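Student: Here it is: the structure, laid out below.
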Amino acid sequence: MTIRSVVLGCGSYLPQRVVTNAELASRIETSDDWIVQRTGIRERHVAADGEFTSHLAINAARAALAAADIDPQSIDLIVLGTSTPDNTFPATAVAVQHGLGINHGAAFDLQAVCSGFVFALATADNFLRSRSFKRALVIGAETFSRILDWNDRTTCVLFGDGAGALVLDAQEQGGGTAADRGVLTTHLRSDGRHKSKLYVDGGPSSTQTVGHLRMEGREVFKHAVGMITDVIVDAFEATGQSAETIDWFVPHQANKRIIDASAHKLHIAPEKVVLTVDRHGNTSAASIPLALDVAVKDGRIKKGDLVLLEAMGGGFTWGSALVRW
Ligand code: ACO
């Protein structure tokens with residue numbers, strides 16, 4: 001028997017306020033056409049004053065717990081991927097744990113920028129498979145609106161706020177093959193040589209300020225497709241699966257051009273690609289669970305489907321996961 005981290009449910013939350021490209025064009029020198037052509041983004045959600053990353057995460061976690069139909073007290077691990085925590089410390093995951101009325105087990109944040117959800121999923125999966133914990137909430141939650149320079153048109157048009165969550169349960173599964181339900185494989189990578197290509201120019205130890213996001217967009221674009229496809233090939237080789245056998249491709253939603261180019265290079269059929277970047281923008285660690293929740297709710301992702309996840313972001317960090325839903 002093999003222990004697998006099986007998905008019991010997912011949920012998500014988006015702040016109410018929607019900011020369209022037209023609204024941005026009324027404030028800075030940009031246009032709906034430019035943003036749609038270069039990124040595929042049409043609108044994004046932005047958190048209200050006083051609405052923190054933990055608030056978004058708690059709402060997403062509650063939705064996931066309801067979808068899983070389980071007692072929140074059965075959760076003994078919370079791993080929260082975020083680069084926009086409520087405070088420098090304690091971890092936002094602890095605020096989420098408290099908000100859910102849980103005071104046992106462990107809760108911590110994981111910082112891998114846009115790859116945060118894949119890194120959090122891999123971490124939780126390893127803890128569950130080693131029997132250290134039984135049931136985990138894996139959350140991606142961000143308020144990137146708080147670290148954007150709203151006068152920098154090269155970055156502020158790209159990002160949005162939101163949160164998504166999965167409930168994972170350690171379960172014994174058949175034969176340790178790709179027919180099992182649950183997380184089948186994860187592959188994580190990072191390379192700090194690229195750390196200044198996408199970063200925030202502030203922090204507690206360096207400037208004692210929060211700082212703003214800075215990015216060499218072309219450089220990120222140049223590396224993204226190769227890195228993404230490399231870790232997906234790793235996932236295929238580890239499991240014997242392929243572009244043909246996956247049911248859904250749920251990539252980090254950074255940019256439609258990066259997603260299209262990655263899917264094309266891997267020969268993944270366009271109808272298998274779940275796209276939400278048009279409505280959510282890039283929500284960093286939240287983008288994959290937000291997209292998963294959309295595709296589960298509209299009936300695309302069903303029990304037994306083979307779902308491929310990937311992300312790439314600041315660091316650079318990048319990673320993939322293959323999950324039998
Ligand atoms: N509106 C209008 N014009 C703009 C805007 C804007 N919002 N932003 C930049 N421009 C202008 C530039 O000033 C430049 O003008 P110039 O030629 O007069 O100097 C022109 O558009 C072209 O700028 P580039 O930066 O060369 O545009 P590019 O085609 O590379 O597109 C983009 C920029 C969309 C950022 C692209 O590089 C990209 O997608 N990069 C990937 C970055 C990304 O997705 N990052 C997300 C975080 S990382 C991740 O999640 C994977």
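Order determines the names: the first chain of the structure tokens is A, the second B, and so forth; residues in each chain are numbered 1 upward, and ligands are numbered 1 upward as they are shown.
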Please identify all protein, DNA and RNA residues within 9 Å of ligand 1, counting only C-alpha atoms and all ligand atoms, and report them as a PyMOL selection string.
Tutor: chain A and resi 24-25+28-35+37-39+113-115+152-159+198+215-222+224+252-258+282-285+311-314+316+318
Student: Write out as a list in words the residues lying within 6 Å of Val96 (chain A), counting only C-alpha atoms and excluding same-chain residues fewer than 2 positions away.
Tutor: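 My list of contacting residues is Ser54, Ile58, Ala93, Val94, His98 and Gly99 of chain A.
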Student: Those same residues - all heavy atoms - I'd like them written as a CSV table (one decimal), in the first residue's frame.
Tutor:
chain,number,residue,atom,x,y,z
A,54,SER,N,-4.7,37.2,5.0
A,54,SER,CA,-5.3,36.2,5.9
A,54,SER,C,-6.8,36.1,5.7
A,54,SER,O,-7.4,35.1,5.8
A,54,SER,CB,-5.0,36.5,7.4
A,54,SER,OG,-5.5,37.7,7.8
A,58,ILE,N,-8.7,32.8,4.7
A,58,ILE,CA,-9.7,32.2,5.6
A,58,ILE,C,-11.0,31.9,4.7
A,58,ILE,O,-11.5,30.8,4.8
A,58,ILE,CB,-10.0,33.1,6.8
A,58,ILE,CG1,-8.8,33.0,7.8
A,58,ILE,CG2,-11.3,32.6,7.5
A,58,ILE,CD1,-8.8,34.1,8.8
A,93,ALA,N,-0.3,32.1,8.1
A,93,ALA,CA,-0.9,30.8,8.3
A,93,ALA,C,-1.5,30.6,9.7
A,93,ALA,O,-2.5,30.0,10.0
A,93,ALA,CB,0.1,29.6,8.0
A,94,VAL,N,-0.8,31.3,10.7
A,94,VAL,CA,-1.2,31.2,12.1
A,94,VAL,C,-2.5,32.0,12.3
A,94,VAL,O,-3.4,31.5,13.0
A,94,VAL,CB,-0.1,31.7,13.0
A,94,VAL,CG1,-0.6,31.7,14.4
A,94,VAL,CG2,1.1,30.8,12.9
A,98,HIS,N,-6.1,30.4,13.4
A,98,HIS,CA,-6.9,31.0,14.5
A,98,HIS,C,-8.3,31.3,13.9
A,98,HIS,O,-9.3,31.0,14.6
A,98,HIS,CB,-6.2,32.2,15.0
A,98,HIS,CG,-6.9,32.9,16.1
A,98,HIS,ND1,-7.2,32.3,17.3
A,98,HIS,CD2,-7.5,34.1,16.1
A,98,HIS,CE1,-7.9,33.1,18.0
A,98,HIS,NE2,-8.1,34.2,17.4
A,99,GLY,N,-8.3,31.9,12.7
A,99,GLY,CA,-9.6,32.3,12.1
A,99,GLY,C,-10.5,31.1,11.9
A,99,GLY,O,-11.7,31.2,11.9
Student: Residues of region 34-83 of chain A classed as helix (DSSP H, G or I) by DSSP on the backbone are to be reported as an MDAnalysis selection string.
Tutor: chainID A and resid 34:39 53:68 72:74
Student: Within 8 Å of region 288-304 of chain A, counting only C-alpha atoms, which residues qualify if same-chain residues fewer than 5 places away don't, as a PyMOL selection string?
Tutor: chain A and resi 10-13+117+139-140+162-166+181+248+250-253+274-276+309+324-325
Student: His187 (chain A): which residues within 7 Å, counting only C-alpha atoms, same-chain residues fewer than 2 positions away excluded, as a ChimeraX atom specification?
Tutor: /A:185,189,231,235,319-321
Student: Generate a file of the selected residues that holds all heavy atoms, formatted as a PDB file, in the first residue's frame.
Tutor:
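Dumped to part-v2.pdb:
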ATOM      1  N   THR A 185       3.276  13.016  -8.146  1.00  0.00           N
ATOM      2  CA  THR A 185       4.681  13.408  -8.162  1.00  0.00           C
ATOM      3  C   THR A 185       4.773  14.929  -8.075  1.00  0.00           C
ATOM      4  O   THR A 185       3.848  15.637  -8.504  1.00  0.00           O
ATOM      5  CB  THR A 185       5.374  12.898  -9.455  1.00  0.00           C
ATOM      6  OG1 THR A 185       6.785  13.043  -9.331  1.00  0.00           O
ATOM      7  CG2 THR A 185       4.906  13.645 -10.691  1.00  0.00           C
ATOM      8  N   ARG A 189      12.289  23.391  -8.239  1.00  0.00           N
ATOM      9  CA  ARG A 189      13.615  23.887  -8.614  1.00  0.00           C
ATOM     10  C   ARG A 189      13.737  25.358  -8.235  1.00  0.00           C
ATOM     11  O   ARG A 189      12.747  26.075  -8.147  1.00  0.00           O
ATOM     12  CB  ARG A 189      13.802  23.765 -10.149  1.00  0.00           C
ATOM     13  CG  ARG A 189      13.739  22.356 -10.693  1.00  0.00           C
ATOM     14  CD  ARG A 189      15.040  21.600 -10.491  1.00  0.00           C
ATOM     15  NE  ARG A 189      16.163  22.299 -11.103  1.00  0.00           N
ATOM     16  CZ  ARG A 189      16.473  22.255 -12.391  1.00  0.00           C
ATOM     17  NH1 ARG A 189      15.746  21.536 -13.226  1.00  0.00           N
ATOM     18  NH2 ARG A 189      17.517  22.913 -12.866  1.00  0.00           N
ATOM     19  N   VAL A 231      10.361  21.086 -15.964  1.00  0.00           N
ATOM     20  CA  VAL A 231       9.819  20.380 -14.788  1.00  0.00           C
ATOM     21  C   VAL A 231       8.581  19.552 -15.137  1.00  0.00           C
ATOM     22  O   VAL A 231       8.268  18.587 -14.436  1.00  0.00           O
ATOM     23  CB  VAL A 231       9.495  21.323 -13.595  1.00  0.00           C
ATOM     24  CG1 VAL A 231      10.719  21.604 -12.771  1.00  0.00           C
ATOM     25  CG2 VAL A 231       8.767  22.567 -14.002  1.00  0.00           C
ATOM     26  N   ALA A 235       7.989  15.531 -14.508  1.00  0.00           N
ATOM     27  CA  ALA A 235       6.773  14.910 -13.954  1.00  0.00           C
ATOM     28  C   ALA A 235       6.301  13.765 -14.857  1.00  0.00           C
ATOM     29  O   ALA A 235       5.893  12.704 -14.365  1.00  0.00           O
ATOM     30  CB  ALA A 235       5.669  15.954 -13.801  1.00  0.00           C
ATOM     31  N   GLY A 319       8.276  24.814 -10.549  1.00  0.00           N
ATOM     32  CA  GLY A 319       7.938  23.463 -10.107  1.00  0.00           C
ATOM     33  C   GLY A 319       6.705  22.934 -10.804  1.00  0.00           C
ATOM     34  O   GLY A 319       5.956  23.683 -11.456  1.00  0.00           O
ATOM     35  N   SER A 320       6.509  21.609 -10.676  1.00  0.00           N
ATOM     36  CA  SER A 320       5.344  20.960 -11.285  1.00  0.00           C
ATOM     37  C   SER A 320       4.774  19.941 -10.310  1.00  0.00           C
ATOM     38  O   SER A 320       5.464  19.491  -9.391  1.00  0.00           O
ATOM     39  CB  SER A 320       5.752  20.244 -12.585  1.00  0.00           C
ATOM     40  OG  SER A 320       6.642  19.184 -12.283  1.00  0.00           O
ATOM     41  N   ALA A 321       3.525  19.596 -10.537  1.00  0.00           N
ATOM     42  CA  ALA A 321       2.879  18.528  -9.759  1.00  0.00           C
ATOM     43  C   ALA A 321       1.872  17.837 -10.661  1.00  0.00           C
ATOM     44  O   ALA A 321       1.232  18.482 -11.508  1.00  0.00           O
ATOM     45  CB  ALA A 321       2.173  19.102  -8.534  1.00  0.00           C
TER      46      ALA A 321
END
Student: Pick out the residues sitting within 8 Å of Ser262 (chain A), and hand them over as a list in words; count only C-alpha atoms, and ignore anything fewer than 2 positions along from it in its own chain.
Tutor: Val225, Gly226, Ile228, Thr229, Ile258, Ile259, Asp260, His264, Lys265 and Leu266 of chain A
Student: Since we have the selection now, will you write its residues out, keeping C-alpha atoms, as a JSON list (two decimals), in the first residue's frame?
Tutor:
[["chain", "number", "residue", "atom", "x", "y", "z"],
["A", 225, "VAL", "CA", 8.86, 28.58, -21.05],
["A", 226, "GLY", "CA", 12.07, 26.53, -20.83],
["A", 228, "ILE", "CA", 8.22, 25.33, -17.03],
["A", 229, "THR", "CA", 8.55, 22.69, -19.72],
["A", 258, "ILE", "CA", 3.68, 32.09, -21.62],
["A", 259, "ILE", "CA", 0.89, 29.53, -21.04],
["A", 260, "ASP", "CA", 0.18, 29.12, -24.77],
["A", 264, "HIS", "CA", 2.41, 24.29, -27.55],
["A", 265, "LYS", "CA", 5.98, 23.16, -26.79],
["A", 266, "LEU", "CA", 4.65, 20.18, -24.78]]
Student: List every residue of region 126-172 of chain A that DSSP, applied to the backbone, labels as strand (DSSP E), and write the result as a PyMOL selection string.
Tutor: chain A and resi 135-143+161-172
Student: Using only C-alpha atoms, find the one residue out of A:Pro15, A:Lys134, A:Val46, A:Val167 that sits nearest to Ala61 (chain A).
Tutor: A:Val167
Student: Using only C-alpha atoms for the distances, tell me which of A:Ser242, A:Ser132, A:Thr317, A:Ser5 is nearest to Ala106 (chain A).
Tutor: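 Comparing A:Ser242, A:Ser132, A:Thr317, A:Ser5 against Ala106 (chain A), the winner is A:Ser132.
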Student: Just checking: using only C-alpha atoms, which residue out of A:Gly176, A:Gly281, A:Pro270, A:Pro204 ends up closest to Phe144 (chain A)?
Tutor: A:Gly281
